[in-house]
$ cat run-v2.cif   # mmCIF, C-alpha atoms and all ligand atoms
data_entry
#
loop_
_atom_site.label_atom_id
_atom_site.label_comp_id
_atom_site.auth_asym_id
_atom_site.auth_seq_id
_atom_site.Cartn_x
_atom_site.Cartn_y
_atom_site.Cartn_z
CA MET A 1 27.53 -55.35 20.43
CA SER A 2 28.72 -57.21 17.37
CA ALA A 3 26.46 -57.43 14.35
CA ALA A 4 26.47 -61.21 14.64
CA THR A 5 24.36 -60.95 17.79
CA LEU A 6 21.87 -58.42 16.43
CA ALA A 7 18.45 -59.63 15.36
CA ALA A 8 16.05 -57.75 13.14
CA SER A 9 12.33 -57.50 13.87
CA ALA A 10 10.03 -60.22 12.55
CA LEU A 11 8.41 -57.73 10.12
CA ALA A 12 11.80 -56.66 8.74
CA ARG A 13 12.85 -60.28 8.27
CA GLN A 14 9.66 -60.97 6.36
CA GLN A 15 10.13 -57.85 4.21
CA ALA A 16 13.80 -58.71 3.61
CA ALA A 17 12.81 -62.12 2.24
CA THR A 18 10.39 -60.39 -0.15
CA ILE A 19 13.09 -57.94 -1.22
CA VAL A 20 15.57 -60.71 -2.00
CA GLY A 21 12.88 -62.35 -4.16
CA TRP A 22 12.21 -59.03 -5.91
CA CYS A 23 15.94 -58.58 -6.59
CA ASP A 24 15.93 -62.04 -8.20
CA ASP A 25 12.89 -61.11 -10.31
CA LEU A 26 14.49 -57.87 -11.52
CA ALA A 27 17.78 -59.64 -12.26
CA ALA A 28 15.91 -61.54 -14.97
CA VAL A 29 15.09 -58.28 -16.78
CA SER A 30 18.26 -57.98 -18.79
CA ALA A 31 19.34 -57.10 -22.31
CA THR A 32 21.85 -59.93 -22.22
CA PRO A 33 20.61 -63.45 -21.48
CA GLY A 34 22.69 -65.18 -18.80
CA HIS A 35 23.93 -62.02 -17.20
CA LEU A 36 22.48 -58.73 -16.03
CA THR A 37 22.76 -55.56 -18.11
CA ARG A 38 20.00 -52.96 -17.94
CA VAL A 39 20.69 -49.50 -19.31
CA TYR A 40 18.94 -46.17 -19.53
CA LEU A 41 16.00 -45.78 -21.91
CA SER A 42 16.07 -49.43 -22.99
CA PRO A 43 13.14 -51.85 -23.24
CA GLU A 44 14.42 -53.40 -19.96
CA HIS A 45 14.26 -49.99 -18.28
CA ALA A 46 10.60 -49.71 -19.30
CA ARG A 47 9.88 -53.23 -18.05
CA VAL A 48 11.36 -52.75 -14.58
CA ASN A 49 9.53 -49.44 -14.20
CA THR A 50 6.26 -51.30 -14.88
CA ILE A 51 7.10 -54.11 -12.45
CA VAL A 52 8.32 -51.87 -9.64
CA ALA A 53 5.37 -49.48 -10.10
CA ARG A 54 3.07 -52.42 -9.39
CA TRP A 55 4.99 -53.26 -6.19
CA MET A 56 4.80 -49.60 -5.17
CA GLN A 57 1.04 -49.54 -5.77
CA ASP A 58 0.58 -52.75 -3.77
CA ALA A 59 2.42 -51.02 -0.92
CA GLY A 60 -0.01 -48.08 -1.05
CA LEU A 61 2.07 -45.59 -3.03
CA THR A 62 0.73 -43.41 -5.84
CA THR A 63 3.05 -43.85 -8.82
CA TRP A 64 4.17 -41.95 -11.91
CA GLN A 65 7.07 -41.92 -14.35
CA ASP A 66 8.68 -38.51 -14.75
CA ASP A 67 10.00 -36.76 -17.86
CA ALA A 68 13.44 -38.37 -17.55
CA GLY A 69 12.17 -41.94 -17.10
CA ASN A 70 12.52 -42.05 -13.30
CA LEU A 71 9.78 -43.94 -11.45
CA HIS A 72 8.23 -42.27 -8.39
CA GLY A 73 5.85 -43.49 -5.71
CA SER A 74 4.55 -41.29 -2.95
CA VAL A 75 2.41 -41.21 0.16
CA PRO A 76 1.14 -37.91 1.57
CA GLY A 77 2.05 -36.41 4.91
CA ALA A 78 -0.36 -35.43 7.67
CA THR A 79 -1.28 -32.10 6.05
CA PRO A 80 -1.72 -31.06 2.39
CA ASP A 81 1.25 -28.68 2.55
CA ALA A 82 3.52 -31.14 4.41
CA PRO A 83 7.09 -31.24 3.12
CA VAL A 84 8.45 -34.36 1.43
CA LEU A 85 11.20 -36.78 2.37
CA LEU A 86 12.78 -38.43 -0.68
CA ILE A 87 14.06 -42.00 -0.40
CA GLY A 88 15.69 -43.48 -3.47
CA SER A 89 18.34 -45.28 -5.44
CA HIS A 90 18.57 -46.67 -9.00
CA LEU A 91 17.32 -49.56 -11.14
CA ASP A 92 19.89 -49.36 -13.98
CA THR A 93 23.02 -51.49 -13.95
CA VAL A 94 26.53 -51.76 -15.27
CA VAL A 95 27.38 -54.42 -17.86
CA ASP A 96 27.32 -57.95 -16.33
CA ALA A 97 26.16 -56.51 -13.03
CA GLY A 98 25.22 -57.79 -9.62
CA ARG A 99 21.57 -57.72 -8.61
CA TYR A 100 21.68 -55.46 -5.53
CA ASP A 101 23.57 -52.27 -6.50
CA GLY A 102 20.94 -49.53 -6.35
CA ILE A 103 18.04 -51.94 -6.61
CA VAL A 104 18.01 -52.99 -2.98
CA GLY A 105 17.83 -49.34 -1.89
CA VAL A 106 14.75 -48.68 -4.05
CA LEU A 107 13.02 -51.78 -2.70
CA MET A 108 13.93 -50.90 0.90
CA GLY A 109 12.29 -47.51 0.33
CA ILE A 110 9.05 -49.18 -0.76
CA ALA A 111 9.13 -51.60 2.19
CA THR A 112 9.76 -48.73 4.60
CA VAL A 113 6.72 -46.80 3.37
CA ALA A 114 4.59 -49.95 3.67
CA ARG A 115 5.82 -50.51 7.20
CA LEU A 116 5.31 -46.93 8.35
CA ALA A 117 1.73 -46.89 7.07
CA ALA A 118 0.82 -48.56 10.36
CA THR A 119 2.09 -45.55 12.34
CA GLY A 120 -0.32 -43.17 10.56
CA PRO A 121 0.58 -40.03 8.57
CA LEU A 122 3.96 -38.48 9.33
CA PRO A 123 4.67 -34.74 9.44
CA PHE A 124 6.09 -35.17 5.93
CA GLY A 125 5.11 -37.14 2.88
CA ILE A 126 7.50 -39.76 1.53
CA GLN A 127 8.43 -40.03 -2.15
CA VAL A 128 10.34 -43.13 -3.18
CA ILE A 129 12.34 -42.63 -6.39
CA ALA A 130 13.69 -45.40 -8.61
CA PHE A 131 16.28 -43.48 -10.62
CA SER A 132 16.59 -44.42 -14.26
CA ASP A 133 20.29 -43.81 -14.84
CA GLU A 134 22.94 -43.73 -12.15
CA GLU A 135 25.68 -45.82 -13.73
CA GLY A 136 26.07 -43.96 -17.02
CA THR A 137 26.52 -47.32 -18.75
CA ARG A 138 24.84 -46.30 -22.01
CA PHE A 139 25.92 -42.69 -22.55
CA GLY A 140 29.10 -42.44 -20.44
CA LYS A 141 27.64 -39.63 -18.33
CA ALA A 142 26.50 -40.95 -14.95
CA LEU A 143 23.60 -39.72 -12.79
CA LEU A 144 21.37 -38.64 -15.67
CA GLY A 145 18.15 -39.65 -13.89
CA SER A 146 18.93 -37.96 -10.60
CA SER A 147 20.36 -34.89 -12.36
CA ALA A 148 16.95 -34.37 -13.96
CA VAL A 149 15.22 -34.72 -10.59
CA ALA A 150 17.69 -32.30 -8.99
CA GLY A 151 17.01 -29.82 -11.82
CA VAL A 152 20.66 -29.70 -12.89
CA TRP A 153 20.22 -31.13 -16.40
CA ASP A 154 22.78 -29.79 -18.87
CA ASP A 155 21.64 -29.36 -22.48
CA SER A 156 25.12 -30.30 -23.77
CA TRP A 157 24.26 -33.89 -22.78
CA TRP A 158 21.67 -34.25 -25.55
CA ASP A 159 24.39 -34.97 -28.12
CA LEU A 160 26.01 -37.78 -26.13
CA THR A 161 25.85 -41.01 -28.09
CA ASP A 162 25.70 -44.68 -27.17
CA ASP A 163 27.84 -47.39 -28.79
CA ASP A 164 25.41 -47.55 -31.72
CA GLY A 165 25.60 -43.81 -32.37
CA VAL A 166 22.12 -43.13 -30.94
CA THR A 167 22.02 -39.71 -29.29
CA LEU A 168 20.54 -39.18 -25.86
CA ARG A 169 17.96 -36.91 -27.51
CA GLN A 170 16.91 -39.68 -29.92
CA ALA A 171 16.83 -42.27 -27.12
CA PHE A 172 14.45 -40.03 -25.14
CA THR A 173 12.10 -39.85 -28.11
CA ASP A 174 12.34 -43.59 -28.79
CA PHE A 175 11.43 -44.25 -25.14
CA GLY A 176 8.35 -42.03 -25.49
CA LEU A 177 9.78 -39.06 -23.59
CA ASP A 178 9.81 -35.47 -24.82
CA PRO A 179 13.30 -33.93 -24.51
CA ALA A 180 11.71 -30.47 -24.31
CA ARG A 181 10.05 -31.45 -21.04
CA VAL A 182 13.03 -32.78 -19.11
CA ALA A 183 12.96 -29.78 -16.77
CA ASP A 184 9.54 -30.94 -15.59
CA ALA A 185 11.25 -33.89 -13.86
CA ALA A 186 12.80 -31.51 -11.32
CA VAL A 187 11.53 -31.49 -7.75
CA ASP A 188 11.00 -28.25 -5.85
CA PRO A 189 13.83 -28.18 -3.27
CA SER A 190 11.91 -25.79 -1.01
CA ARG A 191 9.40 -28.60 -0.34
CA LEU A 192 11.98 -31.19 0.71
CA VAL A 193 12.95 -32.54 4.11
CA GLY A 194 15.96 -34.11 2.41
CA TYR A 195 17.03 -37.29 0.64
CA LEU A 196 17.91 -40.67 2.16
CA GLU A 197 19.51 -43.53 0.24
CA ALA A 198 20.20 -47.08 1.39
CA HIS A 199 22.84 -48.89 -0.69
CA ILE A 200 25.22 -51.81 -0.47
CA GLU A 201 28.70 -50.61 0.46
CA GLN A 202 30.60 -51.79 -2.69
CA GLY A 203 33.75 -52.03 -0.60
CA PRO A 204 35.09 -54.12 2.28
CA TYR A 205 35.07 -51.72 5.26
CA LEU A 206 31.84 -52.78 7.03
CA GLU A 207 32.82 -56.41 6.60
CA ALA A 208 36.25 -55.69 8.12
CA ALA A 209 34.64 -53.88 11.06
CA GLY A 210 32.20 -56.76 11.66
CA GLN A 211 29.22 -54.41 11.31
CA ALA A 212 26.12 -54.84 9.18
CA LEU A 213 25.31 -51.16 8.69
CA GLY A 214 27.21 -47.90 8.36
CA VAL A 215 26.66 -44.13 8.22
CA VAL A 216 28.08 -42.45 5.11
CA THR A 217 29.92 -39.20 5.79
CA SER A 218 30.59 -38.08 2.20
CA ILE A 219 30.61 -39.36 -1.37
CA ALA A 220 33.67 -39.30 -3.58
CA SER A 221 34.29 -36.59 -6.06
CA ALA A 222 34.46 -38.06 -9.59
CA ARG A 223 35.44 -37.26 -13.15
CA ARG A 224 35.22 -39.46 -16.23
CA PHE A 225 36.88 -39.04 -19.61
CA THR A 226 37.07 -40.70 -22.97
CA VAL A 227 40.56 -40.48 -24.42
CA GLU A 228 41.55 -40.86 -28.06
CA ALA A 229 45.11 -41.84 -28.88
CA VAL A 230 45.68 -41.22 -32.60
CA GLY A 231 48.80 -42.65 -34.19
CA GLU A 232 49.25 -44.24 -37.60
CA ALA A 233 47.99 -47.59 -38.88
CA ARG A 234 50.75 -49.41 -40.83
CA HIS A 235 51.89 -52.82 -41.91
CA ALA A 236 52.79 -55.02 -38.90
CA GLY A 237 55.61 -56.73 -40.74
CA GLY A 238 57.00 -53.98 -42.91
CA THR A 239 57.16 -51.11 -40.40
CA PRO A 240 60.33 -50.94 -38.27
CA TYR A 241 59.90 -49.78 -34.66
CA GLU A 242 61.44 -46.38 -35.26
CA ARG A 243 58.77 -45.67 -37.93
CA ARG A 244 55.80 -46.70 -35.78
CA HIS A 245 53.25 -44.48 -34.04
CA ASP A 246 51.40 -47.23 -32.23
CA ALA A 247 48.21 -45.86 -30.67
CA LEU A 248 47.60 -48.95 -28.53
CA LEU A 249 51.04 -48.83 -26.93
CA ALA A 250 50.57 -45.13 -26.16
CA ALA A 251 47.18 -45.95 -24.60
CA ALA A 252 48.69 -48.81 -22.59
CA GLU A 253 51.39 -46.52 -21.23
CA ALA A 254 48.74 -43.92 -20.46
CA ALA A 255 46.73 -46.50 -18.50
CA LEU A 256 49.82 -47.39 -16.47
CA ALA A 257 50.41 -43.69 -15.80
CA VAL A 258 46.85 -43.37 -14.45
CA GLU A 259 47.55 -46.20 -12.00
CA ARG A 260 50.98 -44.89 -10.94
CA ILE A 261 49.79 -41.33 -10.31
CA CYS A 262 46.59 -42.35 -8.52
CA ARG A 263 48.34 -44.88 -6.28
CA ALA A 264 50.87 -42.27 -5.20
CA SER A 265 48.13 -39.82 -4.20
CA GLN A 266 45.43 -41.91 -2.44
CA HIS A 267 43.07 -41.60 -5.40
CA VAL A 268 41.60 -44.32 -7.58
CA GLY A 269 41.77 -44.22 -11.36
CA THR A 270 40.46 -46.92 -13.67
CA VAL A 271 40.80 -47.52 -17.38
CA GLY A 272 37.73 -49.70 -17.84
CA THR A 273 37.27 -49.72 -21.61
CA MET A 274 39.64 -49.73 -24.55
CA THR A 275 38.98 -50.26 -28.26
CA VAL A 276 41.49 -50.33 -31.07
CA GLU A 277 41.21 -49.46 -34.77
CA PRO A 278 41.54 -50.81 -37.31
CA GLY A 279 41.73 -53.87 -35.04
CA ALA A 280 43.55 -56.31 -37.30
CA VAL A 281 46.19 -58.83 -36.30
CA ASN A 282 48.66 -57.60 -38.92
CA VAL A 283 48.18 -53.83 -38.61
CA VAL A 284 49.91 -51.51 -36.14
CA PRO A 285 47.00 -49.87 -34.25
CA GLY A 286 46.27 -46.39 -35.59
CA LEU A 287 43.70 -45.43 -33.00
CA ALA A 288 42.96 -46.46 -29.41
CA ARG A 289 39.98 -45.10 -27.54
CA PHE A 290 39.79 -45.63 -23.77
CA SER A 291 37.96 -44.41 -20.68
CA VAL A 292 39.34 -42.98 -17.45
CA ASP A 293 37.30 -42.94 -14.23
CA LEU A 294 38.95 -40.87 -11.48
CA ARG A 295 37.79 -40.53 -7.87
CA GLY A 296 38.99 -38.89 -4.70
CA GLU A 297 37.65 -37.60 -1.43
CA PHE A 298 37.98 -33.91 -2.35
CA ASP A 299 37.50 -31.98 -5.62
CA ASP A 300 40.78 -30.04 -5.46
CA GLY A 301 42.88 -33.18 -4.90
CA ARG A 302 41.06 -34.96 -7.73
CA ASP A 303 41.72 -32.04 -10.09
CA ARG A 304 45.42 -31.86 -9.16
CA VAL A 305 45.75 -35.57 -9.90
CA TRP A 306 44.01 -35.14 -13.27
CA ASP A 307 46.42 -32.31 -14.18
CA GLU A 308 49.33 -34.63 -13.43
CA ILE A 309 47.76 -37.40 -15.52
CA THR A 310 47.24 -35.11 -18.51
CA LYS A 311 50.88 -33.98 -18.32
CA ALA A 312 51.93 -37.63 -18.39
CA PHE A 313 49.66 -38.23 -21.43
CA VAL A 314 51.36 -35.37 -23.29
CA LEU A 315 54.84 -36.76 -22.59
CA ILE A 316 53.83 -40.26 -23.65
CA GLY A 317 52.26 -38.90 -26.82
CA GLU A 318 55.31 -36.79 -27.71
CA ARG A 319 57.66 -39.71 -27.22
CA ARG A 320 55.58 -41.99 -29.46
CA GLY A 321 54.36 -39.47 -32.05
CA VAL A 322 50.77 -40.16 -31.01
CA SER A 323 48.26 -37.50 -30.00
CA VAL A 324 46.51 -38.38 -26.72
CA GLU A 325 43.40 -36.21 -26.31
CA PRO A 326 40.98 -36.54 -23.37
CA THR A 327 37.37 -35.33 -23.44
CA GLU A 328 35.50 -35.02 -20.16
CA VAL A 329 32.16 -36.84 -20.12
CA HIS A 330 31.21 -36.66 -16.44
CA ARG A 331 32.07 -34.52 -13.43
CA ALA A 332 30.50 -34.71 -10.00
CA PRO A 333 31.71 -32.81 -6.95
CA ALA A 334 32.26 -34.53 -3.61
CA VAL A 335 29.08 -34.42 -1.57
CA PHE A 336 29.09 -34.17 2.20
CA CYS A 337 26.19 -35.70 4.06
CA ALA A 338 24.12 -33.39 6.25
CA PRO A 339 24.80 -33.81 10.00
CA ARG A 340 21.05 -33.60 10.71
CA LEU A 341 20.28 -36.55 8.42
CA MET A 342 23.42 -38.45 9.45
CA ASP A 343 22.14 -38.20 13.04
CA ALA A 344 18.90 -39.81 11.91
CA VAL A 345 20.74 -42.65 10.12
CA ARG A 346 23.00 -43.14 13.14
CA ALA A 347 19.96 -43.22 15.46
CA GLY A 348 18.37 -45.75 13.12
CA ILE A 349 21.39 -48.05 13.32
CA VAL A 350 21.63 -47.64 17.09
CA ALA A 351 17.98 -48.71 17.28
CA THR A 352 19.03 -52.07 15.80
CA GLY A 353 21.36 -52.59 18.78
CA GLU A 354 24.66 -51.45 17.23
CA GLN A 355 26.01 -48.96 19.76
CA GLN A 356 28.86 -47.48 17.70
CA PRO A 357 27.96 -47.45 14.02
CA LEU A 358 30.86 -47.22 11.61
CA GLU A 359 31.10 -43.91 9.76
CA LEU A 360 32.66 -44.17 6.33
CA PHE A 361 33.31 -42.22 3.15
CA SER A 362 31.79 -43.65 -0.04
CA ARG A 363 34.30 -44.28 -2.79
CA ALA A 364 31.44 -45.23 -5.12
CA GLY A 365 29.12 -42.71 -6.74
CA HIS A 366 25.43 -42.52 -5.84
CA ASP A 367 22.26 -40.67 -6.80
CA ALA A 368 22.68 -38.78 -3.51
CA MET A 369 25.43 -36.82 -5.31
CA SER A 370 22.90 -35.12 -7.59
CA LEU A 371 20.31 -34.59 -4.88
CA GLY A 372 23.05 -33.20 -2.65
CA LEU A 373 23.28 -30.22 -5.02
CA VAL A 374 19.79 -29.08 -3.99
CA THR A 375 18.90 -30.65 -0.64
CA ASP A 376 20.38 -32.33 2.43
CA VAL A 377 21.33 -35.95 1.87
CA ALA A 378 22.45 -38.94 3.91
CA MET A 379 23.12 -42.59 3.19
CA LEU A 380 22.81 -45.90 5.01
CA PHE A 381 25.33 -48.51 3.88
CA LEU A 382 24.70 -52.26 4.06
CA ARG A 383 27.56 -54.72 4.43
CA ASN A 384 28.71 -56.21 1.12
CA PRO A 385 30.68 -59.38 1.89
CA ASP A 386 34.15 -59.26 0.34
CA GLY A 387 33.25 -55.81 -1.00
CA ILE A 388 32.61 -57.18 -4.48
CA SER A 389 30.25 -55.12 -6.62
CA HIS A 390 29.74 -54.36 -10.32
CA HIS A 391 30.09 -58.12 -10.67
CA PRO A 392 27.58 -60.99 -10.68
CA ASP A 393 28.95 -62.22 -7.31
CA GLU A 394 27.82 -59.01 -5.61
CA PHE A 395 25.94 -59.92 -2.42
CA VAL A 396 24.13 -58.60 0.62
CA SER A 397 22.60 -61.01 3.11
CA GLU A 398 18.89 -61.19 3.86
CA ASP A 399 19.76 -60.70 7.57
CA ASP A 400 21.60 -57.47 6.80
CA ILE A 401 18.76 -56.21 4.62
CA ALA A 402 16.41 -56.89 7.53
CA LEU A 403 18.62 -54.92 9.93
CA GLY A 404 18.82 -52.17 7.29
CA LEU A 405 15.02 -52.05 7.11
CA ASP A 406 14.73 -51.65 10.89
CA ALA A 407 17.38 -48.92 10.76
CA LEU A 408 15.77 -47.06 7.85
CA ALA A 409 12.33 -47.06 9.47
CA ALA A 410 13.84 -45.84 12.76
CA ALA A 411 15.79 -43.13 10.90
CA VAL A 412 12.60 -41.86 9.25
CA LEU A 413 10.81 -41.83 12.61
CA HIS A 414 13.76 -39.96 14.14
CA LEU A 415 13.38 -37.31 11.42
CA ALA A 416 9.63 -37.22 11.94
CA ALA A 417 10.32 -36.11 15.50
CA ALA A 418 12.19 -33.02 14.13
CA PRO A 419 11.55 -32.55 10.38
CA SER A 420 13.27 -29.29 9.54
CA SER A 421 13.60 -28.30 5.87
CA GLY A 422 16.57 -29.61 3.94
CA ALA A 423 16.92 -27.13 1.08
CA ALA A 424 20.65 -26.78 0.41
CA SER A 425 21.88 -23.24 0.97
C1 LIG B 501 28.47 -46.24 -9.58
O1 LIG B 501 28.24 -47.29 -9.05
C2 LIG B 501 29.81 -45.75 -9.62
O2 LIG B 501 30.36 -45.45 -8.54
O3 LIG B 501 30.39 -45.73 -10.69
MN MN B 502 26.98 -49.10 -9.45
MN MN B 503 24.67 -47.86 -7.15
#
$ encode --input "run-v2.cif" --output "structure tokens"
Amino acid sequence: MSAATLAASALARQQAATIVGWCDDLAAVSATPGHLTRVYLSPEHARVNTIVARWMQDAGLTTWQDDAGNLHGSVPGATPDAPVLLIGSHLDTVVDAGRYDGIVGVLMGIATVARLAATGPLPFGIQVIAFSDEEGTRFGKALLGSSAVAGVWDDSWWDLTDDDGVTLRQAFTDFGLDPARVADAAVDPSRLVGYLEAHIEQGPYLEAAGQALGVVTSIASARRFTVEAVGEARHAGGTPYERRHDALLAAAEAALAVERICRASQHVGTVGTMTVEPGAVNVVPGLARFSVDLRGEFDDGRDRVWDEITKAFVLIGERRGVSVEPTEVHRAPAVFCAPRLMDAVRAGIVATGEQQPLELFSRAGHDAMSLGLVTDVAMLFLRNPDGISHHPDEFVSEDDIALGLDALAAAVLHLAAAPSSGAAS
């Protein structure tokens, strides 16, 4: 049956309308008037945690903020020692973001708990998590919030700095968190049923298939780097070409090499930021600093591609007399969704009337990557018309959110019929 003929339940349609309104409300909580930017440990982060905590409480969840700034809301299971199903996504954004990436998944988790309250206690409790940092917008390192919850925090991250030179350690303190307690944010994997995340697709494949919802099979392996190209700043008029060591031109060539090598190997590489010093119209650039974001389906392929890119950087640098030095700021292995939880998501989509749900690999990163290090994970994708995301035009229709709500509730009930433990081996 095509998605166009599917109709969500009346309750899901009502909840979807509320969720769209909530997304609009949260889109107004931004550091930058006129467009949406909300980063980790900012005043806007604190504000959305307060707002969403109230919505969680209204839906019957007990709420708390953990020692890494993640917001949690939970309902108990049928027995005091019942295991816990986590449902989550994130509330932080990229710069000039859309209003649904991450956010809609958190809100769908809350709506699902509210809806399932009518069925009575399940054999597991449900804990909805609004992760505080997925994008890595402020400190370059992505998945900070979910890494704390997964218990895989790395102390080397404390010295990461934002654009103003504020360290992650200082930002924790300024936000009212104690860096010494970050380990307390970790969940106990032995108590978990697993982790489910609903998210907009951020690509065009569901749209192309004419389906509203999809089952994620795995999440791309990723690495991120900052790269410094150091040449020599000199007079723009007086310095002949053969005497120049132009850092910007080396960086530009390096960016083109990233594209050429990634295109040839079915990977995606992006140079998304670049700054130049001294940054004057009449000075040959002496320094260029840029980012590289690299993704692929498998870790070994991704690493081979990075080796090739670094060799190209060395050659470019040698030819131009510019040193081109990368520093890794983020690394996340590919995560494969658990067949047991994928079955539940598939059953949930089938319950909406879609007989053959699309299965697809996520090229975007998600909090499920961190949780996948310690428990079983699965994801439900929602159609994202035109596949545009990380952009203000990002969209998901109210009808598709409603179908997603029916699917998520049915997936949870499917799991409730057979809730085995999901601790990763
Ligand atoms: C997060 O959205 C990412 O994939 O970078
Ligand atoms: Mn994102
Ligand atoms: Mn996201």
$ axis_aligned_box --input "run-v2.cif" --around "segment 358-369 of chain A" --padding-each-side "4 Å" --output "AutoDock Vina command-line options"
--center_x 28.3 --center_y -42.0 --center_z 2.4 --size_x 20.0 --size_y 18.4 --size_z 26.4
$ residues_near_point --input "run-v2.cif" --point "(32.1, -57.7, -5.2)" --cutoff "12 Å" --atoms "all atoms listed in the file" --output "PDB file with C-alpha atoms, in the frame of the given file"
ATOM      1  CA  ALA A  97      26.160 -56.510 -13.030  1.00  0.00           C
ATOM      2  CA  GLY A  98      25.220 -57.790  -9.620  1.00  0.00           C
ATOM      3  CA  ARG A  99      21.570 -57.720  -8.610  1.00  0.00           C
ATOM      4  CA  TYR A 100      21.680 -55.460  -5.530  1.00  0.00           C
ATOM      5  CA  ASP A 101      23.570 -52.270  -6.500  1.00  0.00           C
ATOM      6  CA  ILE A 200      25.220 -51.810  -0.470  1.00  0.00           C
ATOM      7  CA  GLU A 201      28.700 -50.610   0.460  1.00  0.00           C
ATOM      8  CA  GLN A 202      30.600 -51.790  -2.690  1.00  0.00           C
ATOM      9  CA  GLY A 203      33.750 -52.030  -0.600  1.00  0.00           C
ATOM     10  CA  PRO A 204      35.090 -54.120   2.280  1.00  0.00           C
ATOM     11  CA  GLU A 207      32.820 -56.410   6.600  1.00  0.00           C
ATOM     12  CA  ARG A 383      27.560 -54.720   4.430  1.00  0.00           C
ATOM     13  CA  ASN A 384      28.710 -56.210   1.120  1.00  0.00           C
ATOM     14  CA  PRO A 385      30.680 -59.380   1.890  1.00  0.00           C
ATOM     15  CA  ASP A 386      34.150 -59.260   0.340  1.00  0.00           C
ATOM     16  CA  GLY A 387      33.250 -55.810  -1.000  1.00  0.00           C
ATOM     17  CA  ILE A 388      32.610 -57.180  -4.480  1.00  0.00           C
ATOM     18  CA  SER A 389      30.250 -55.120  -6.620  1.00  0.00           C
ATOM     19  CA  HIS A 390      29.740 -54.360 -10.320  1.00  0.00           C
ATOM     20  CA  HIS A 391      30.090 -58.120 -10.670  1.00  0.00           C
ATOM     21  CA  PRO A 392      27.580 -60.990 -10.680  1.00  0.00           C
ATOM     22  CA  ASP A 393      28.950 -62.220  -7.310  1.00  0.00           C
ATOM     23  CA  GLU A 394      27.820 -59.010  -5.610  1.00  0.00           C
ATOM     24  CA  PHE A 395      25.940 -59.920  -2.420  1.00  0.00           C
ATOM     25  CA  VAL A 396      24.130 -58.600   0.620  1.00  0.00           C
TER      26      VAL A 396
END
$ closest_atom_pairs --input "run-v2.cif" --of "chain A" --to "ligand LIG 501 (chain B)" --cutoff "8 Å" --atoms "only C-alpha atoms and all ligand atoms" --output "tab-separated table"
residue	atom	partner	partner_atom	distance
A:Val94	CA	B:LIG501	O1	7.8
A:Asp101	CA	B:LIG501	O1	7.3
A:Glu134	CA	B:LIG501	C1	6.6
A:Glu135	CA	B:LIG501	C1	5.0
A:Gly136	CA	B:LIG501	O3	7.9
A:Ala142	CA	B:LIG501	O3	7.5
A:Arg363	CA	B:LIG501	O2	7.1
A:Ala364	CA	B:LIG501	O2	3.6
A:Gly365	CA	B:LIG501	O2	3.5
A:His366	CA	B:LIG501	C1	6.1
A:His390	CA	B:LIG501	O1	7.3
$ write_last_selection --input "run-v2.cif" --atoms "C-alpha atoms" --output "mmCIF file, in the frame of the given file"
data_model
loop_
_atom_site.group_PDB
_atom_site.id
_atom_site.type_symbol
_atom_site.label_atom_id
_atom_site.label_comp_id
_atom_site.auth_asym_id
_atom_site.auth_seq_id
_atom_site.Cartn_x
_atom_site.Cartn_y
_atom_site.Cartn_z
ATOM 1 C CA VAL A 94 26.530 -51.760 -15.270
ATOM 2 C CA ASP A 101 23.570 -52.270 -6.500
ATOM 3 C CA GLU A 134 22.940 -43.730 -12.150
ATOM 4 C CA GLU A 135 25.680 -45.820 -13.730
ATOM 5 C CA GLY A 136 26.070 -43.960 -17.020
ATOM 6 C CA ALA A 142 26.500 -40.950 -14.950
ATOM 7 C CA ARG A 363 34.300 -44.280 -2.790
ATOM 8 C CA ALA A 364 31.440 -45.230 -5.120
ATOM 9 C CA GLY A 365 29.120 -42.710 -6.740
ATOM 10 C CA HIS A 366 25.430 -42.520 -5.840
ATOM 11 C CA HIS A 390 29.740 -54.360 -10.320
#
$ closest_residue --input "run-v2.cif" --among "A:Gly237, A:Gly372, A:Pro43, A:Gly214" --to "Ala198 of chain A" --atoms "all atoms listed in the file"
A:Gly214
$ closest_residue --input "run-v2.cif" --among "A:Leu41, A:Ile316, A:Val104, A:Ala68" --to "ligand MN 502 (chain B)" --atoms "all atoms listed in the file"
A:Val104
$ build_atoms --input "run-v2.cif" --residues "segment 53-58 of chain A" --atoms "N, CA and C atoms" --output "PDB file, in the coordinates of the input"
ATOM      1  N   ALA A  53       6.563 -50.319 -10.343  1.00  0.00           N
ATOM      2  CA  ALA A  53       5.370 -49.480 -10.100  1.00  0.00           C
ATOM      3  C   ALA A  53       4.259 -50.322  -9.477  1.00  0.00           C
ATOM      4  N   ARG A  54       4.124 -51.558  -9.960  1.00  0.00           N
ATOM      5  CA  ARG A  54       3.070 -52.420  -9.390  1.00  0.00           C
ATOM      6  C   ARG A  54       3.371 -52.721  -7.922  1.00  0.00           C
ATOM      7  N   TRP A  55       4.645 -52.998  -7.597  1.00  0.00           N
ATOM      8  CA  TRP A  55       4.990 -53.260  -6.190  1.00  0.00           C
ATOM      9  C   TRP A  55       4.758 -52.016  -5.335  1.00  0.00           C
ATOM     10  N   MET A  56       5.060 -50.845  -5.914  1.00  0.00           N
ATOM     11  CA  MET A  56       4.800 -49.600  -5.170  1.00  0.00           C
ATOM     12  C   MET A  56       3.307 -49.451  -4.896  1.00  0.00           C
ATOM     13  N   GLN A  57       2.503 -49.699  -5.939  1.00  0.00           N
ATOM     14  CA  GLN A  57       1.040 -49.540  -5.770  1.00  0.00           C
ATOM     15  C   GLN A  57       0.518 -50.515  -4.732  1.00  0.00           C
ATOM     16  N   ASP A  58       1.017 -51.756  -4.766  1.00  0.00           N
ATOM     17  CA  ASP A  58       0.580 -52.750  -3.770  1.00  0.00           C
ATOM     18  C   ASP A  58       0.926 -52.295  -2.355  1.00  0.00           C
TER      19      ASP A  58
END
